[in-house]
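Trainee: My structure is stored as input_17.tsv, with TSV, C-alpha atoms and all ligand atoms.
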chain	number	residue	atom	x	y	z
A	1	MET	CA	132.76	51.32	119.69
A	2	THR	CA	130.22	51.49	116.85
A	3	GLY	CA	128.21	54.65	116.13
A	4	ASP	CA	125.06	53.04	117.53
A	5	GLU	CA	126.76	51.96	120.75
A	6	TYR	CA	128.03	55.50	121.18
A	7	LYS	CA	124.58	57.02	120.74
A	8	GLN	CA	123.08	54.54	123.20
A	9	LEU	CA	125.70	55.53	125.71
A	10	LEU	CA	124.57	59.12	125.28
A	11	GLY	CA	120.99	58.15	126.04
A	12	VAL	CA	118.30	60.70	125.44
A	13	HIS	CA	117.07	63.93	127.00
A	14	CYS	CA	113.37	64.64	127.44
A	15	TYR	CA	111.52	67.94	127.40
A	16	LEU	CA	107.93	68.40	128.49
A	17	HIS	CA	106.08	71.56	127.57
A	18	ILE	CA	103.31	72.32	130.07
A	19	PRO	CA	101.47	75.15	128.38
A	20	PHE	CA	99.34	76.46	131.25
A	21	CYS	CA	99.67	79.95	132.74
A	22	ARG	CA	97.27	81.98	134.87
A	23	GLN	CA	97.63	84.91	132.51
A	24	ARG	CA	100.04	86.00	129.81
A	25	CYS	CA	102.88	88.26	130.96
A	26	ASN	CA	103.04	91.34	128.76
A	27	TYR	CA	106.39	90.45	127.13
A	28	CYS	CA	105.76	86.73	126.55
A	29	ASP	CA	105.15	85.10	123.17
A	30	PHE	CA	105.45	81.44	124.22
A	31	PHE	CA	102.80	78.94	123.28
A	32	LEU	CA	100.42	78.76	126.26
A	33	VAL	CA	96.77	78.60	127.30
A	34	THR	CA	95.00	80.09	130.30
A	35	ARG	CA	92.13	77.54	130.36
A	36	GLN	CA	92.95	75.47	133.45
A	37	ASP	CA	89.90	73.23	132.85
A	38	LEU	CA	91.93	71.52	130.08
A	39	GLN	CA	94.64	70.23	132.42
A	40	GLU	CA	93.18	66.76	132.99
A	41	ARG	CA	92.57	66.13	129.30
A	42	PHE	CA	96.03	67.46	128.50
A	43	PHE	CA	97.70	64.93	130.80
A	44	HIS	CA	95.66	62.06	129.31
A	45	ALA	CA	96.81	63.10	125.84
A	46	LEU	CA	100.37	63.51	127.08
A	47	ASP	CA	100.47	59.92	128.36
A	48	GLU	CA	99.25	58.72	125.00
A	49	GLU	CA	101.82	60.77	123.09
A	50	THR	CA	104.62	59.63	125.41
A	51	ILE	CA	103.82	55.94	124.98
A	52	LEU	CA	103.61	56.23	121.18
A	53	ARG	CA	106.64	58.45	120.63
A	54	THR	CA	109.08	56.65	122.94
A	55	ALA	CA	108.57	53.22	121.31
A	56	PRO	CA	111.59	53.52	118.95
A	57	TYR	CA	113.90	54.54	121.82
A	58	HIS	CA	113.35	51.76	124.34
A	59	ASP	CA	117.06	50.98	124.39
A	60	ARG	CA	118.01	54.47	125.54
A	61	LYS	CA	118.28	55.73	129.08
A	62	VAL	CA	116.87	59.11	130.00
A	63	LYS	CA	119.77	61.31	131.04
A	64	THR	CA	117.79	64.43	131.86
A	65	VAL	CA	114.19	65.61	131.97
A	66	HIS	CA	113.29	69.28	131.67
A	67	VAL	CA	109.75	70.30	132.52
A	68	GLY	CA	109.20	73.76	131.04
A	69	GLY	CA	106.36	75.95	129.97
A	70	GLY	CA	104.19	77.79	130.51
A	71	THR	CA	104.08	77.36	134.26
A	72	PRO	CA	104.74	73.74	135.25
A	73	SER	CA	104.43	74.62	138.96
A	74	LEU	CA	100.78	75.49	138.33
A	75	VAL	CA	99.63	71.90	137.69
A	76	PRO	CA	98.99	69.40	140.51
A	77	SER	CA	102.04	67.35	141.48
A	78	SER	CA	100.03	64.15	141.00
A	79	TYR	CA	99.75	64.89	137.26
A	80	LEU	CA	103.51	65.43	136.99
A	81	GLY	CA	104.17	62.24	138.96
A	82	GLY	CA	101.84	60.26	136.69
A	83	TRP	CA	103.69	61.44	133.60
A	84	LEU	CA	107.13	60.71	135.10
A	85	GLU	CA	105.95	57.16	135.87
A	86	THR	CA	104.76	56.72	132.29
A	87	LEU	CA	108.09	57.97	130.96
A	88	ASP	CA	110.06	55.73	133.33
A	89	GLY	CA	107.93	52.76	132.28
A	90	GLN	CA	108.78	53.41	128.64
A	91	LEU	CA	112.44	54.44	128.68
A	92	SER	CA	113.75	54.08	132.24
A	93	LEU	CA	115.42	56.97	133.92
A	94	ASP	CA	119.18	56.88	134.43
A	95	ASP	CA	120.33	56.50	138.06
A	96	THR	CA	121.85	59.98	137.93
A	97	VAL	CA	119.00	61.59	135.98
A	98	GLU	CA	118.66	65.38	136.33
A	99	ILE	CA	114.98	66.35	136.56
A	100	THR	CA	114.40	70.09	136.34
A	101	LEU	CA	111.10	71.85	136.88
A	102	GLU	CA	110.53	75.46	135.89
A	103	ALA	CA	108.53	77.16	138.62
A	104	ASN	CA	107.09	80.54	139.44
A	105	PRO	CA	107.82	81.72	143.00
A	106	GLU	CA	104.13	82.24	143.85
A	107	ASP	CA	103.45	78.50	143.46
A	108	ILE	CA	106.28	77.21	145.61
A	109	THR	CA	104.87	76.57	149.08
A	110	PRO	CA	106.70	74.28	151.54
A	111	GLU	CA	104.12	71.57	150.83
A	112	LYS	CA	104.51	71.89	147.05
A	113	SER	CA	108.30	71.71	147.40
A	114	ARG	CA	108.09	68.48	149.40
A	115	GLU	CA	105.75	66.98	146.80
A	116	LEU	CA	108.15	67.86	144.00
A	117	VAL	CA	111.11	66.34	145.83
A	118	SER	CA	109.12	63.15	146.44
A	119	LEU	CA	108.56	62.87	142.67
A	120	GLY	CA	112.32	62.87	142.09
A	121	ILE	CA	112.57	66.46	140.88
A	122	ASN	CA	116.11	67.43	141.87
A	123	ARG	CA	116.62	70.80	140.17
A	124	LEU	CA	114.38	73.86	140.40
A	125	SER	CA	114.53	76.69	137.88
A	126	LEU	CA	112.77	79.70	139.36
A	127	GLY	CA	111.29	82.42	137.14
A	128	VAL	CA	112.27	85.17	139.56
A	129	GLN	CA	113.15	87.81	136.87
A	130	SER	CA	113.91	90.45	139.51
A	131	PHE	CA	114.14	91.06	143.24
A	132	ARG	CA	112.88	94.66	142.87
A	133	PRO	CA	109.15	95.40	143.39
A	134	GLU	CA	108.83	98.11	140.69
A	135	LYS	CA	110.47	95.92	138.09
A	136	LEU	CA	108.27	92.93	138.93
A	137	HIS	CA	105.28	95.23	138.56
A	138	ALA	CA	106.49	96.55	135.19
A	139	LEU	CA	106.91	92.99	133.97
A	140	GLY	CA	103.42	92.07	135.14
A	141	ARG	CA	104.71	89.27	137.37
A	142	ARG	CA	102.46	87.95	140.12
A	143	HIS	CA	105.05	87.36	142.85
A	144	SER	CA	106.48	89.96	145.21
A	145	ALA	CA	110.16	90.65	145.77
A	146	ASP	CA	109.95	89.32	149.35
A	147	GLN	CA	108.27	86.17	148.12
A	148	ALA	CA	111.06	85.63	145.58
A	149	SER	CA	113.74	85.94	148.29
A	150	ARG	CA	111.91	83.59	150.68
A	151	VAL	CA	111.28	80.97	148.00
A	152	VAL	CA	114.89	81.08	146.79
A	153	ALA	CA	116.19	80.53	150.35
A	154	ALA	CA	113.78	77.65	151.00
A	155	ALA	CA	114.50	76.05	147.61
A	156	LEU	CA	118.24	76.18	148.26
A	157	ASP	CA	117.71	74.34	151.57
A	158	LEU	CA	115.57	71.64	150.01
A	159	PHE	CA	116.90	71.20	146.45
A	160	GLY	CA	120.40	72.70	146.58
A	161	ASN	CA	120.49	72.66	142.78
A	162	VAL	CA	118.56	75.85	142.02
A	163	SER	CA	118.64	78.28	139.12
A	164	VAL	CA	117.03	81.68	138.74
A	165	ASP	CA	116.12	83.58	135.60
A	166	LEU	CA	116.77	87.32	135.63
A	167	ILE	CA	115.68	89.83	132.99
A	168	CYS	CA	117.47	93.11	132.32
A	169	GLY	CA	116.45	96.13	130.27
A	170	VAL	CA	113.02	96.92	131.70
A	171	GLU	CA	111.55	100.41	131.30
A	172	GLY	CA	113.35	102.94	133.49
A	173	GLU	CA	116.00	100.46	134.59
A	174	SER	CA	119.45	101.94	135.14
A	175	LEU	CA	122.73	100.11	135.49
A	176	ASP	CA	122.64	100.74	139.27
A	177	MET	CA	119.18	99.20	139.54
A	178	TRP	CA	120.31	96.17	137.56
A	179	GLU	CA	123.28	95.76	139.87
A	180	GLN	CA	120.86	95.50	142.81
A	181	ASP	CA	119.36	92.39	141.21
A	182	LEU	CA	122.79	90.92	140.61
A	183	HIS	CA	123.85	91.57	144.20
A	184	ALA	CA	120.64	89.95	145.46
A	185	VAL	CA	121.53	86.82	143.48
A	186	LEU	CA	125.09	86.81	144.79
A	187	ALA	CA	123.94	87.29	148.39
A	188	SER	CA	121.47	84.42	148.10
A	189	GLY	CA	124.02	81.70	147.32
A	190	ILE	CA	122.19	80.53	144.17
A	191	PRO	CA	124.56	78.35	142.11
A	192	HIS	CA	123.08	78.96	138.63
A	193	VAL	CA	121.74	82.08	136.90
A	194	SER	CA	120.26	82.63	133.45
A	195	ILE	CA	120.34	86.24	132.25
A	196	TYR	CA	118.02	87.50	129.51
A	197	MET	CA	117.76	90.91	127.90
A	198	LEU	CA	114.14	91.96	127.58
A	199	SER	CA	113.18	91.74	123.93
A	200	VAL	CA	110.06	93.08	122.28
A	201	GLU	CA	108.33	90.13	120.62
A	202	LYS	CA	105.70	90.45	117.94
A	203	LYS	CA	102.03	90.48	118.94
A	204	THR	CA	102.77	90.91	122.66
A	205	LYS	CA	101.22	93.56	124.87
A	206	LEU	CA	104.70	95.01	125.32
A	207	GLU	CA	105.07	95.46	121.57
A	208	SER	CA	101.82	97.36	121.44
A	209	LEU	CA	102.85	99.59	124.37
A	210	VAL	CA	106.23	100.34	122.77
A	211	ARG	CA	104.64	101.03	119.37
A	212	ARG	CA	102.21	103.52	120.90
A	213	GLY	CA	105.01	105.26	122.78
A	214	MET	CA	103.60	104.30	126.18
A	215	VAL	CA	106.70	102.34	127.17
A	216	SER	CA	110.27	103.11	126.26
A	217	LEU	CA	112.98	100.55	127.00
A	218	PRO	CA	116.69	101.15	127.57
A	219	GLY	CA	118.63	101.27	124.29
A	220	GLU	CA	121.00	98.67	122.88
A	221	HIS	CA	124.09	100.23	124.48
A	222	GLU	CA	122.48	100.35	127.91
A	223	GLN	CA	121.33	96.73	127.61
A	224	ALA	CA	124.81	95.70	126.50
A	225	ALA	CA	126.32	97.48	129.53
A	226	MET	CA	123.92	95.55	131.80
A	227	TYR	CA	124.88	92.24	130.23
A	228	LEU	CA	128.60	93.00	130.53
A	229	LYS	CA	128.15	94.07	134.15
A	230	ALA	CA	126.47	90.71	134.87
A	231	CYS	CA	129.39	88.86	133.26
A	232	GLU	CA	131.90	90.86	135.29
A	233	LEU	CA	130.20	90.55	138.69
A	234	LEU	CA	129.22	86.90	138.37
A	235	GLU	CA	132.61	85.78	137.09
A	236	GLU	CA	134.33	87.72	139.89
A	237	GLN	CA	132.30	85.66	142.33
A	238	GLY	CA	133.29	82.29	140.88
A	239	PHE	CA	130.49	81.73	138.36
A	240	LEU	CA	131.55	80.11	135.08
A	241	HIS	CA	130.06	81.82	132.06
A	242	TYR	CA	129.44	78.56	130.22
A	243	GLU	CA	126.90	79.73	127.63
A	244	VAL	CA	125.84	83.12	126.28
A	245	SER	CA	123.02	83.52	128.83
A	246	ASN	CA	124.04	81.01	131.50
A	247	PHE	CA	126.34	81.22	134.51
A	248	SER	CA	127.04	78.41	136.93
A	249	LYS	CA	129.12	77.51	139.93
A	250	PRO	CA	131.24	74.44	139.12
A	251	GLY	CA	129.10	71.29	139.01
A	252	PHE	CA	125.77	73.12	138.70
A	253	PHE	CA	125.46	73.39	134.90
A	254	SER	CA	122.12	72.56	133.33
A	255	ARG	CA	122.87	69.09	131.96
A	256	TYR	CA	119.70	69.20	129.87
A	257	ASN	CA	120.69	72.44	128.14
A	258	LEU	CA	124.26	71.28	127.63
A	259	GLY	CA	122.92	68.13	125.98
A	260	CYS	CA	120.83	70.20	123.54
A	261	TRP	CA	123.71	72.57	122.76
A	262	HIS	CA	125.99	69.59	122.11
A	263	ARG	CA	123.37	68.23	119.70
A	264	GLU	CA	122.50	65.10	121.66
A	265	SER	CA	119.10	63.49	121.09
A	266	TYR	CA	116.12	65.01	122.84
A	267	LEU	CA	112.45	64.16	122.68
A	268	GLY	CA	109.93	66.95	123.22
A	269	PHE	CA	106.41	66.20	124.43
A	270	GLY	CA	103.37	68.46	124.58
A	271	PRO	CA	102.07	71.10	122.17
A	272	SER	CA	104.73	73.21	120.42
A	273	ALA	CA	107.60	71.06	121.76
A	274	HIS	CA	110.53	70.30	119.43
A	275	SER	CA	112.59	67.11	119.14
A	276	PHE	CA	115.97	66.24	117.69
A	277	THR	CA	117.09	62.66	117.29
A	278	VAL	CA	120.45	61.32	116.24
A	279	SER	CA	121.17	57.82	114.98
A	280	SER	CA	124.10	56.45	113.02
A	281	GLN	CA	122.12	56.96	109.79
A	282	LYS	CA	120.55	60.37	110.17
A	283	GLU	CA	119.55	63.34	112.26
A	284	ILE	CA	115.89	64.34	112.38
A	285	ARG	CA	114.28	67.47	113.74
A	286	SER	CA	110.54	67.63	114.39
A	287	ALA	CA	107.99	70.03	115.83
A	288	ASN	CA	104.74	69.31	117.61
A	289	VAL	CA	101.45	70.99	116.77
A	290	SER	CA	100.94	74.40	118.41
A	291	SER	CA	97.27	73.98	119.25
A	292	MET	CA	95.99	72.65	122.55
A	293	LEU	CA	92.68	71.52	121.13
A	294	ARG	CA	94.29	69.64	118.24
A	295	TYR	CA	96.81	68.08	120.62
A	296	ILE	CA	94.15	66.86	123.02
A	297	ALA	CA	91.95	65.56	120.22
A	298	SER	CA	94.69	63.57	118.54
A	299	PRO	CA	97.88	63.08	120.58
A	300	GLY	CA	98.98	60.34	118.18
A	301	ASP	CA	99.35	63.06	115.53
A	302	ALA	CA	101.21	65.47	117.82
A	303	VAL	CA	104.19	65.70	115.47
A	304	LEU	CA	103.24	68.25	112.85
A	305	SER	CA	106.43	68.39	110.81
A	306	SER	CA	109.76	66.63	110.61
A	307	GLU	CA	112.83	67.00	108.47
A	308	ILE	CA	116.11	65.21	107.94
A	309	ILE	CA	119.03	67.52	108.67
A	310	LEU	CA	121.34	67.80	105.69
A	311	GLU	CA	125.10	68.20	105.98
A	312	LYS	CA	125.23	71.97	105.38
A	313	GLU	CA	122.53	72.60	107.98
A	314	ARG	CA	124.25	70.28	110.46
A	315	ASN	CA	127.56	72.12	110.06
A	316	ASP	CA	125.86	75.51	110.43
A	317	GLU	CA	124.15	74.30	113.58
A	318	ARG	CA	127.42	73.05	115.04
A	319	ILE	CA	128.92	76.50	114.44
A	320	PHE	CA	125.90	78.32	115.83
A	321	LEU	CA	125.58	76.16	118.96
A	322	GLY	CA	129.30	75.57	119.52
A	323	LEU	CA	130.05	79.27	119.57
A	324	ARG	CA	127.41	79.93	122.21
A	325	LEU	CA	129.39	77.76	124.63
A	326	SER	CA	132.54	78.84	126.45
A	327	SER	CA	134.05	75.50	125.35
A	328	GLY	CA	133.96	76.97	121.80
A	329	LEU	CA	134.61	75.29	118.49
A	330	LEU	CA	137.69	73.41	117.27
A	331	LEU	CA	139.42	75.60	114.73
A	332	ASP	CA	140.31	72.56	112.59
A	333	GLU	CA	136.66	71.58	112.44
A	334	LEU	CA	135.64	75.09	111.42
A	335	SER	CA	138.39	75.34	108.78
A	336	GLY	CA	137.27	71.97	107.44
A	337	TYR	CA	133.79	73.38	106.76
A	338	HIS	CA	135.41	76.14	104.69
A	339	GLN	CA	137.95	73.89	102.94
A	340	GLY	CA	140.74	76.42	103.32
A	341	SER	CA	138.94	79.32	101.60
A	342	ARG	CA	140.76	82.68	101.81
A	343	GLY	CA	137.51	84.43	102.61
A	344	PHE	CA	137.27	82.43	105.83
A	345	GLU	CA	140.79	83.41	106.94
A	346	GLU	CA	139.97	87.07	106.28
A	347	THR	CA	136.71	86.90	108.23
A	348	LEU	CA	138.47	85.24	111.14
A	349	GLY	CA	141.19	87.89	111.12
A	350	ARG	CA	138.61	90.68	111.13
A	351	LEU	CA	136.59	89.15	113.99
A	352	ARG	CA	139.79	88.80	116.03
A	353	ALA	CA	140.79	92.40	115.28
A	354	GLN	CA	137.33	93.54	116.41
A	355	GLY	CA	137.85	91.71	119.71
A	356	LEU	CA	134.86	89.43	119.15
A	357	VAL	CA	136.69	86.07	119.11
A	358	ASP	CA	139.85	84.55	120.57
A	359	ILE	CA	141.79	81.44	119.66
A	360	ARG	CA	143.03	79.37	122.59
A	361	ASP	CA	144.88	76.10	122.09
A	362	GLY	CA	143.32	75.53	118.70
A	363	VAL	CA	139.80	76.36	119.93
A	364	LEU	CA	137.80	79.34	118.72
A	365	VAL	CA	135.86	81.04	121.52
A	366	LEU	CA	133.81	84.19	121.74
A	367	SER	CA	135.18	87.01	123.86
A	368	ARG	CA	132.92	88.59	126.47
A	369	LYS	CA	132.04	91.29	123.95
A	370	GLY	CA	131.59	88.56	121.31
A	371	PHE	CA	128.91	86.88	123.44
A	372	LEU	CA	126.79	90.00	122.85
A	373	PHE	CA	126.89	89.35	119.11
A	374	ALA	CA	126.98	85.54	119.17
A	375	ASP	CA	124.36	85.04	116.44
A	376	LYS	CA	125.96	87.58	114.11
A	377	VAL	CA	129.45	86.15	114.57
A	378	ALA	CA	128.15	82.63	113.94
A	379	GLU	CA	126.47	83.78	110.72
A	380	GLU	CA	129.71	85.29	109.51
A	381	LEU	CA	131.57	82.06	110.18
A	382	MET	CA	129.10	79.81	108.37
A	383	PRO	CA	130.27	78.67	104.93
A	384	SER	CA	128.23	80.20	102.12
A	401	LIG	S1	104.67	82.87	133.42
A	401	LIG	FE1	106.33	82.53	131.89
A	401	LIG	S2	105.38	81.34	130.25
A	401	LIG	FE2	103.69	82.17	131.51
A	401	LIG	S3	103.15	84.07	130.46
A	401	LIG	FE3	104.65	84.63	132.04
A	401	LIG	S4	106.65	84.57	131.00
A	401	LIG	FE4	105.18	83.48	129.67
Would it be possible to restate this file's structure as structure tokens?
Ligand code: SF4
Mentor:
Amino acid sequence: MTGDEYKQLLGVHCYLHIPFCRQRCNYCDFFLVTRQDLQERFFHALDEETILRTAPYHDRKVKTVHVGGGTPSLVPSSYLGGWLETLDGQLSLDDTVEITLEANPEDITPEKSRELVSLGINRLSLGVQSFRPEKLHALGRRHSADQASRVVAAALDLFGNVSVDLICGVEGESLDMWEQDLHAVLASGIPHVSIYMLSVEKKTKLESLVRRGMVSLPGEHEQAAMYLKACELLEEQGFLHYEVSNFSKPGFFSRYNLGCWHRESYLGFGPSAHSFTVSSQKEIRSANVSSMLRYIASPGDAVLSSEIILEKERNDERIFLGLRLSSGLLLDELSGYHQGSRGFEETLGRLRAQGLVDIRDGVLVLSRKGFLFADKVAEELMPS
């Protein structure tokens, strides 16, 4: 099989960034707008961008589509359906395509769910964050705990393939409180969970509250204990810890995310979306403009910057992404990047002695403790 045939077999993944939210949550630094009057013009621009940008990839099948944001569940289903038709007309969706929509519980009514299913959306990723009322309030979320439980149950009936996001490390949260969220997930029968530790991002309301001493979050050790508790409880109940933040029952992995972590081609549409394309000649990374008004005015110029990935960067990325996955990194591959340097052997020995990495059948994997320091370990293992 030639390199090109192989890449065609892989197809392509697609990401759509829908940057609309009702209001900004106090911890969020994503690119988004709260002007809903721009939705119609946004979807016109999106169609134009999709038609222009997909032209070089007509021979590829779409393996997965991930509609993220922002709040994709906020926009009318007819807009989403129109875009999916445009995409299908350009690239054609694989028969087994995974189509995920990120949704906030307050938007998911029975009617909305049926509309989404009729569009072919077959995986729902719910931004639940917590099942506890005080925590939802502290996070500034709009849905109630009861609403989250009801929506999860209904989504499981209709979609089956459902994921929830949970955040840990909110002000005043103890390990016991965090365990209540984990037990709520386990009791619900959800087959996929993404766990995030609350981080204080620059220029967010949360940063300002923390800086002025009005909010104080659990420390690093407490957050680490919460993460490790999640690993322990979820794995005990049959979840596979397949990526630093992601846990899945067998067969319910996010195929879109796995594709990105394995460095397969993905095309990102919408403002602030990123793309990565692989061909037999080169790998290219590009980023779309992070301005709604510029995007709408000139969707043909959506791509603001692009760069060819050089060998060193590619190898570093393989280390960084490979280590995040429980499937790990082939030790031979990693040694090859270091060309047998003694420094590498010493680093590896130290990381093993610290209990951060294991070697199993010639594959280097992070330990549970190592997952907590995945970025730092990856940096240490990158050739200088
Ligand atoms: S709903 Fe999601 S994307 Fe929108 S502001 Fe809140 S956290 Fe950010």
Trainee: Work out how far apart CA of Phe320 (chain A) and CA of Gly70 (chain A) are and give it in Å to one decimal.
Mentor: 26.2 Å
Trainee: Could you pull the residues within 7 Å of His13 (chain A), counting only C-alpha atoms, minus those fewer than 5 positions along the same chain, as a list in words?
Mentor: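 Once the adjacent positions are removed, what remains is Val62, Lys63, Thr64, Val65, Tyr256, Ser265, Tyr266 and Leu267 of chain A.
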Trainee: Which chains and residue numbers are within 10 Å of ligand LIG 401 (chain A), counting only C-alpha atoms and all ligand atoms, if I want them as a ChimeraX atom specification?
Mentor: /A:18-34,68-74,102-104,127,129,139-142
Trainee: Residues as selected, C-alpha atoms, written as a compact mmCIF listing (two decimals), in the coordinates of the input, can you do that?
Mentor:
# COMPACT_ATOMS: atom_id res chain seq x y z
CA ILE A 18 103.31 72.32 130.07
CA PRO A 19 101.47 75.15 128.38
CA PHE A 20 99.34 76.46 131.25
CA CYS A 21 99.67 79.95 132.74
CA ARG A 22 97.27 81.98 134.87
CA GLN A 23 97.63 84.91 132.51
CA ARG A 24 100.04 86.00 129.81
CA CYS A 25 102.88 88.26 130.96
CA ASN A 26 103.04 91.34 128.76
CA TYR A 27 106.39 90.45 127.13
CA CYS A 28 105.76 86.73 126.55
CA ASP A 29 105.15 85.10 123.17
CA PHE A 30 105.45 81.44 124.22
CA PHE A 31 102.80 78.94 123.28
CA LEU A 32 100.42 78.76 126.26
CA VAL A 33 96.77 78.60 127.30
CA THR A 34 95.00 80.09 130.30
CA GLY A 68 109.20 73.76 131.04
CA GLY A 69 106.36 75.95 129.97
CA GLY A 70 104.19 77.79 130.51
CA THR A 71 104.08 77.36 134.26
CA PRO A 72 104.74 73.74 135.25
CA SER A 73 104.43 74.62 138.96
CA LEU A 74 100.78 75.49 138.33
CA GLU A 102 110.53 75.46 135.89
CA ALA A 103 108.53 77.16 138.62
CA ASN A 104 107.09 80.54 139.44
CA GLY A 127 111.29 82.42 137.14
CA GLN A 129 113.15 87.81 136.87
CA LEU A 139 106.91 92.99 133.97
CA GLY A 140 103.42 92.07 135.14
CA ARG A 141 104.71 89.27 137.37
CA ARG A 142 102.46 87.95 140.12
Trainee: With a distance cut-off of 12 Å and all atoms listed in the file, select the neighbouring residues of Leu198 (chain A), excluding the residue or stretch itself and same-chain residues fewer than 3 positions from it, and output the selection as number ranges by chain.
Mentor: A: 26-28, 129, 135, 138-139, 165-171, 173, 195, 201, 206-207, 216-220, 222-224, 226-227
Trainee: What is the CA of Ala302 (chain A) to CA of Glu49 (chain A) distance in Å?
Mentor: 7.1 Å
Trainee: Taking into account all atoms listed in the file, which residue in the set A:Arg342, A:His44, A:Lys312, A:Arg263 is nearest to Pro299 (chain A)?
Mentor: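 Between A:Arg342, A:His44, A:Lys312, A:Arg263, the residue approaching Pro299 (chain A) most closely is A:His44.
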Trainee: Name all residues at most 9 Å from Ala230 (chain A) (count all atoms listed in the file; drop same-chain ones fewer than 2 positions away) and give them as a ChimeraX atom specification.
Mentor: /A:178-179,182,195,225-228,232-235
Trainee: Please report, as AutoDock Vina command-line options, the centre and edge lengths in Å to one decimal of an axis-aligned box covering all listed atoms of region 115-118 of chain A with 4 Å per side.
Mentor:
--center_x 108.4 --center_y 65.5 --center_z 145.4 --size_x 13.4 --size_y 12.7 --size_z 10.8
Trainee: So what do you get for CA of Arg60 (chain A) versus CA of Leu91 (chain A), distance-wise?
Mentor: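 CA of Leu91 (chain A) lies at a distance of 6.4 Å from CA of Arg60 (chain A).
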Trainee: Near Ser163 (chain A), within 7 Å and counting only C-alpha atoms, which residues show up once chain neighbours fewer than 4 positions away are dropped, as a list in words?
Mentor: Leu124, Ser125, Leu126, Ile190, Pro191, His192 and Val193 of chain A
Trainee: Rank nothing, just name the residue among A:Ser245, A:Gly336, A:Thr277, A:Glu40 nearest to Pro56 (chain A), using only C-alpha atoms.
Mentor: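 Smallest distance to Pro56 (chain A) is found for A:Thr277.
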Trainee: Could you list as a PyMOL selection string every residue that has an atom within 12 Å of (108.7, 85.6, 148.0), using the file's coordinates and counting only C-alpha atoms?
Mentor: chain A and resi 104-109+126-128+130-133+136+141-155
Trainee: Could you give me region 307-318 of chain A completed to N, CA, C and O atoms, formatted as a PDB file, keeping the file's coordinate frame?
Mentor:
ATOM      1  N   GLU A 307     111.919  66.888 109.607  1.00  0.00           N
ATOM      2  CA  GLU A 307     112.830  67.000 108.470  1.00  0.00           C
ATOM      3  C   GLU A 307     114.160  66.352 108.807  1.00  0.00           C
ATOM      4  O   GLU A 307     114.597  66.366 109.958  1.00  0.00           O
ATOM      5  N   ILE A 308     114.762  65.767 107.777  1.00  0.00           N
ATOM      6  CA  ILE A 308     116.110  65.210 107.940  1.00  0.00           C
ATOM      7  C   ILE A 308     117.098  66.360 107.800  1.00  0.00           C
ATOM      8  O   ILE A 308     116.971  67.188 106.894  1.00  0.00           O
ATOM      9  N   ILE A 309     118.049  66.424 108.723  1.00  0.00           N
ATOM     10  CA  ILE A 309     119.030  67.520 108.670  1.00  0.00           C
ATOM     11  C   ILE A 309     120.117  67.160 107.659  1.00  0.00           C
ATOM     12  O   ILE A 309     120.764  66.111 107.778  1.00  0.00           O
ATOM     13  N   LEU A 310     120.310  68.025 106.701  1.00  0.00           N
ATOM     14  CA  LEU A 310     121.340  67.800 105.690  1.00  0.00           C
ATOM     15  C   LEU A 310     122.696  68.322 106.185  1.00  0.00           C
ATOM     16  O   LEU A 310     122.750  69.065 107.174  1.00  0.00           O
ATOM     17  N   GLU A 311     123.742  67.921 105.473  1.00  0.00           N
ATOM     18  CA  GLU A 311     125.100  68.200 105.980  1.00  0.00           C
ATOM     19  C   GLU A 311     125.363  69.694 106.216  1.00  0.00           C
ATOM     20  O   GLU A 311     125.891  70.087 107.242  1.00  0.00           O
ATOM     21  N   LYS A 312     124.963  70.521 105.254  1.00  0.00           N
ATOM     22  CA  LYS A 312     125.230  71.970 105.380  1.00  0.00           C
ATOM     23  C   LYS A 312     124.537  72.527 106.642  1.00  0.00           C
ATOM     24  O   LYS A 312     125.122  73.298 107.412  1.00  0.00           O
ATOM     25  N   GLU A 313     123.281  72.110 106.825  1.00  0.00           N
ATOM     26  CA  GLU A 313     122.530  72.600 107.980  1.00  0.00           C
ATOM     27  C   GLU A 313     123.156  72.110 109.287  1.00  0.00           C
ATOM     28  O   GLU A 313     123.247  72.832 110.271  1.00  0.00           O
ATOM     29  N   ARG A 314     123.618  70.839 109.260  1.00  0.00           N
ATOM     30  CA  ARG A 314     124.250  70.280 110.460  1.00  0.00           C
ATOM     31  C   ARG A 314     125.520  71.072 110.804  1.00  0.00           C
ATOM     32  O   ARG A 314     125.743  71.434 111.950  1.00  0.00           O
ATOM     33  N   ASN A 315     126.325  71.371 109.797  1.00  0.00           N
ATOM     34  CA  ASN A 315     127.560  72.120 110.060  1.00  0.00           C
ATOM     35  C   ASN A 315     127.249  73.525 110.583  1.00  0.00           C
ATOM     36  O   ASN A 315     127.894  74.011 111.514  1.00  0.00           O
ATOM     37  N   ASP A 316     126.249  74.168 109.968  1.00  0.00           N
ATOM     38  CA  ASP A 316     125.860  75.510 110.430  1.00  0.00           C
ATOM     39  C   ASP A 316     125.409  75.467 111.891  1.00  0.00           C
ATOM     40  O   ASP A 316     125.731  76.353 112.690  1.00  0.00           O
ATOM     41  N   GLU A 317     124.663  74.426 112.209  1.00  0.00           N
ATOM     42  CA  GLU A 317     124.150  74.300 113.580  1.00  0.00           C
ATOM     43  C   GLU A 317     125.286  74.093 114.564  1.00  0.00           C
ATOM     44  O   GLU A 317     125.279  74.633 115.665  1.00  0.00           O
ATOM     45  N   ARG A 318     126.264  73.286 114.147  1.00  0.00           N
ATOM     46  CA  ARG A 318     127.420  73.050 115.040  1.00  0.00           C
ATOM     47  C   ARG A 318     128.163  74.362 115.294  1.00  0.00           C
ATOM     48  O   ARG A 318     128.627  74.617 116.404  1.00  0.00           O
TER      49      ARG A 318
END
